[in-house]
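To start, the structure itself, in structure tokens.
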Amino acid sequence: MKIWIISSWSETLSLFKFLTKYNHDYVVYYDFFHWPYGDKTFEQSLTCVQSWIDYLTKQKVDAIILPPIYELYIMQNALVHEGGEFKIQKKKILPLFTKYVHDYCFAHSLVGKIGLMWDFADVEVAEKLFQTIEKTYTLSPTQQYIKKFHFPFAYRTKELPLWKYYLNGLSYSNILVNKIIKFDLRYFKDAMVDTLIPLNYGYFYYQTTIAKFLNFKKIRFHTLEKIETIFEWLIADGWITETNYSVTVAYTWHPEFLKREKRLLWLLQKWKNVEITWTKIS
């Protein structure tokens, strides 16, 4: 099955930590010409994402993986002019992040205080999107039993614009980077949130540092393994079927920044067992 992954840099490619386990024809739409989506206004980046969803739909791709905030928005809003076309698009978009929020982050919240790690573009729409998801969520018996449980959920937010830039020049295990990450995360400890939700797949590159810094008994951070569980569920439910593993990178400007990330490229190549096909899209 052909799965297209829309990414403005290497953020969505963190999913390959588990995608390499499954045999699909992966095509990465590497929109470096408009990178990073998070630093633009939401409307600007959404226009880029939507134009390529329209393009991919016409190419009859089987499934599309989007950056989290755009997945949430498009799953909740009809963006194309023809209503029937949007229904087709919606079926093609894998609801990885939507189910991650609903089935794990909301379902395992302890007191209903949610922390959101976001970028500039997310600020405009994120809380409204989460409030919409709340309307489809029913508290578990345990949550209903907790007297001080906040519902609707109470949100605490922090903008983390620099984290993505560390990945371009520094390792995500760099000591200095880890110290900065821990410093930023102190905000959520002070705010006494019980669940931390990243609105960018790129944040999962730092998941080891994040998980170790947080006390899981008080603040829960559901790692990339939960996204993989959802992906496995989609396979079992018949959304996608396995074929042969291959990776194509379709880029809009140049792929040099991506080619510098040797460890990431080796991951995409299944440790040099598969050649990546590079294609420029004008």
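Quick note on naming: the chains in the structure tokens go A, B, ... in the order shown, residues restart at 1 in each chain, and ligands are numbered from 1 in order of appearance.
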
Find the residues around segment 92-105 of chain A up to 8 Å (only C-alpha atoms counted), leave out those fewer than 4 positions away in its own chain, and share them as a PyMOL selection string. chain A and resi 61-66+68+71-72+75+88+109+133+137+195-197+222+226-227+230-231

Alpha helix (DSSP H) residues, from DSSP on the backbone, in segment 188-265 of chain A, as a count of residues only: 32

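Remark: for Val177 of chain A, the closest of the candidate residues A:Leu234, A:Tyr205, A:His150, A:Tyr55 is A:Tyr205 (distances computed over only C-alpha atoms).
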
Any idea what the distance is between atom CA of Ala126 of chain A and atom CA of Glu225 of chain A? 23.1 Å

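By chain and then residue number, the residues within 9 Å of segment 259-268 of chain A are Ser10, Leu13, Ser14, Phe16, Lys17, Leu19, Thr20, Leu167, Asn168, Ser246, Val247, Asn273, Val274, Glu275 and Ile276 of chain A, counting only C-alpha atoms and disregarding those fewer than 5 positions away in sequence.
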
Any idea what the distance is between atom CA of Phe120 of chain A and atom CA of Ile53 of chain A?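 Going from atom CA of Phe120 of chain A over to atom CA of Ile53 of chain A, I get 22.3 Å.
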
Quick one: everything within 10 Å of Met192 of chain A, counting only C-alpha atoms, minus sequence neighbours fewer than 4 positions away in the same chain. Send it as a PDB file with N, CA and C atoms, in the first residue's frame.
```
ATOM      1  N   VAL A 111      -6.333  13.953  36.517  1.00  0.00           N
ATOM      2  CA  VAL A 111      -7.195  14.985  37.112  1.00  0.00           C
ATOM      3  C   VAL A 111      -7.731  15.959  36.067  1.00  0.00           C
ATOM      4  N   LYS A 113      -5.973  17.854  33.848  1.00  0.00           N
ATOM      5  CA  LYS A 113      -5.143  19.021  33.555  1.00  0.00           C
ATOM      6  C   LYS A 113      -4.134  18.621  32.487  1.00  0.00           C
ATOM      7  N   ILE A 114      -4.276  19.192  31.292  1.00  0.00           N
ATOM      8  CA  ILE A 114      -3.513  18.785  30.124  1.00  0.00           C
ATOM      9  C   ILE A 114      -2.477  19.845  29.764  1.00  0.00           C
ATOM     10  N   GLY A 115      -1.248  19.418  29.508  1.00  0.00           N
ATOM     11  CA  GLY A 115      -0.199  20.308  29.032  1.00  0.00           C
ATOM     12  C   GLY A 115       0.000  20.120  27.545  1.00  0.00           C
ATOM     13  N   ARG A 156      -2.825  23.832  29.909  1.00  0.00           N
ATOM     14  CA  ARG A 156      -1.680  24.693  30.135  1.00  0.00           C
ATOM     15  C   ARG A 156      -0.777  24.536  28.917  1.00  0.00           C
ATOM     16  N   ARG A 186      10.046  22.272  32.924  1.00  0.00           N
ATOM     17  CA  ARG A 186       9.737  22.661  34.309  1.00  0.00           C
ATOM     18  C   ARG A 186       8.431  23.441  34.385  1.00  0.00           C
ATOM     19  N   TYR A 187       8.106  24.146  33.323  1.00  0.00           N
ATOM     20  CA  TYR A 187       6.847  24.897  33.299  1.00  0.00           C
ATOM     21  C   TYR A 187       5.664  23.982  33.568  1.00  0.00           C
ATOM     22  N   PHE A 188       5.669  22.803  32.943  1.00  0.00           N
ATOM     23  CA  PHE A 188       4.548  21.882  33.097  1.00  0.00           C
ATOM     24  C   PHE A 188       4.529  21.245  34.481  1.00  0.00           C
ATOM     25  N   LYS A 218       2.761  11.181  38.240  1.00  0.00           N
ATOM     26  CA  LYS A 218       2.088  12.473  38.337  1.00  0.00           C
ATOM     27  C   LYS A 218       1.858  13.131  36.970  1.00  0.00           C
ATOM     28  N   ILE A 219       2.816  12.972  36.054  1.00  0.00           N
ATOM     29  CA  ILE A 219       2.693  13.558  34.721  1.00  0.00           C
ATOM     30  C   ILE A 219       2.948  12.465  33.689  1.00  0.00           C
TER      31      ILE A 219
END
```

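If you look at atom CA of Tyr30 of chain A and atom CA of Leu56 of chain A, they are 13.5 Å away from each other.
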
Residue among A:Asn178, A:Tyr206, A:Ala250, A:Trp278 lying closest to Ile6 of chain A, counting only C-alpha atoms: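 Once distances to Ile6 of chain A are computed over only C-alpha atoms, the minimum belongs to A:Ala250.
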
If you run DSSP on this backbone, which residues of segment 33-255 of chain A come out as strand (DSSP E), and could you give them as a list in words? Ala63, Ile64, Ile65, Lys113, Ile114, Gly115, Leu116, Met117, Trp118, Ala154, Tyr155, Arg156, Thr157, Lys158, Glu159, Thr195, Leu196, Ile197, Pro198, Arg220, Phe221, Ser246, Val247, Thr248, Val249, Ala250 and Tyr251 of chain A

Output N, CA and C atoms for every residue in that selection, as a CSV table (one decimal), in the first residue's frame.
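Generated output (result.csv):
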```csv
chain,number,residue,atom,x,y,z
A,63,ALA,N,-3.2,6.2,1.5
A,63,ALA,CA,-3.3,6.7,2.9
A,63,ALA,C,-2.3,7.9,3.0
A,64,ILE,N,-2.7,8.9,3.9
A,64,ILE,CA,-1.9,10.1,4.0
A,64,ILE,C,-1.7,10.3,5.5
A,65,ILE,N,-0.4,10.5,5.9
A,65,ILE,CA,-0.1,10.9,7.3
A,65,ILE,C,0.3,12.3,7.3
A,113,LYS,N,-6.0,17.9,33.8
A,113,LYS,CA,-5.1,19.0,33.6
A,113,LYS,C,-4.1,18.6,32.5
A,114,ILE,N,-4.3,19.2,31.3
A,114,ILE,CA,-3.5,18.8,30.1
A,114,ILE,C,-2.5,19.8,29.8
A,115,GLY,N,-1.2,19.4,29.5
A,115,GLY,CA,-0.2,20.3,29.0
A,115,GLY,C,0.0,20.1,27.5
A,116,LEU,N,0.1,21.2,26.8
A,116,LEU,CA,0.3,21.2,25.4
A,116,LEU,C,1.6,21.8,25.0
A,117,MET,N,2.5,21.0,24.3
A,117,MET,CA,3.7,21.6,23.8
A,117,MET,C,3.4,21.9,22.3
A,118,TRP,N,3.6,23.2,22.0
A,118,TRP,CA,3.2,23.6,20.6
A,118,TRP,C,4.2,24.5,20.0
A,154,ALA,N,-8.7,21.2,31.6
A,154,ALA,CA,-8.0,22.5,31.8
A,154,ALA,C,-6.7,22.3,31.1
A,155,TYR,N,-6.3,23.4,30.3
A,155,TYR,CA,-5.1,23.3,29.5
A,155,TYR,C,-4.1,24.3,29.9
A,156,ARG,N,-2.8,23.8,29.9
A,156,ARG,CA,-1.7,24.7,30.1
A,156,ARG,C,-0.8,24.5,28.9
A,157,THR,N,-0.3,25.6,28.4
A,157,THR,CA,0.4,25.6,27.1
A,157,THR,C,1.8,26.2,27.2
A,158,LYS,N,2.7,25.7,26.4
A,158,LYS,CA,4.0,26.4,26.3
A,158,LYS,C,4.5,26.3,24.8
A,159,GLU,N,4.9,27.4,24.3
A,159,GLU,CA,5.5,27.4,22.9
A,159,GLU,C,7.0,27.0,23.0
A,195,THR,N,-1.0,15.3,32.3
A,195,THR,CA,-0.7,14.7,31.0
A,195,THR,C,-0.1,15.7,30.1
A,196,LEU,N,0.9,15.2,29.3
A,196,LEU,CA,1.7,16.1,28.4
A,196,LEU,C,1.5,15.7,27.0
A,197,ILE,N,1.0,16.6,26.1
A,197,ILE,CA,0.7,16.2,24.7
A,197,ILE,C,1.6,17.0,23.8
A,198,PRO,N,2.4,16.4,23.0
A,198,PRO,CA,3.2,17.1,22.0
A,198,PRO,C,2.4,17.3,20.7
A,220,ARG,N,2.0,12.2,32.9
A,220,ARG,CA,2.1,11.1,31.9
A,220,ARG,C,2.4,11.7,30.5
A,221,PHE,N,3.4,11.1,29.9
A,221,PHE,CA,3.8,11.4,28.5
A,221,PHE,C,3.8,10.1,27.8
A,246,SER,N,9.5,0.2,0.6
A,246,SER,CA,10.3,1.1,-0.2
A,246,SER,C,10.1,2.5,0.3
A,247,VAL,N,11.1,3.4,0.0
A,247,VAL,CA,11.0,4.8,0.4
A,247,VAL,C,11.3,5.7,-0.7
A,248,THR,N,10.5,6.7,-1.0
A,248,THR,CA,10.7,7.7,-2.0
A,248,THR,C,10.6,9.1,-1.3
A,249,VAL,N,11.6,10.0,-1.5
A,249,VAL,CA,11.5,11.3,-1.0
A,249,VAL,C,11.2,12.3,-2.1
A,250,ALA,N,10.0,12.9,-2.1
A,250,ALA,CA,9.7,13.9,-3.1
A,250,ALA,C,9.8,15.2,-2.5
A,251,TYR,N,10.8,16.0,-3.0
A,251,TYR,CA,11.1,17.3,-2.3
A,251,TYR,C,10.8,18.5,-3.2
```

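Take the candidates A:Tyr203, A:Thr41, A:Trp239, A:Leu46 and check each one against Ile74 of chain A using only C-alpha atoms; the shortest distance goes to A:Leu46.
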
A:Lys280, A:Asn174, A:Leu162, A:Leu110 ranked by distance to Gln143 of chain A, top pick (using only C-alpha atoms): A:Leu110
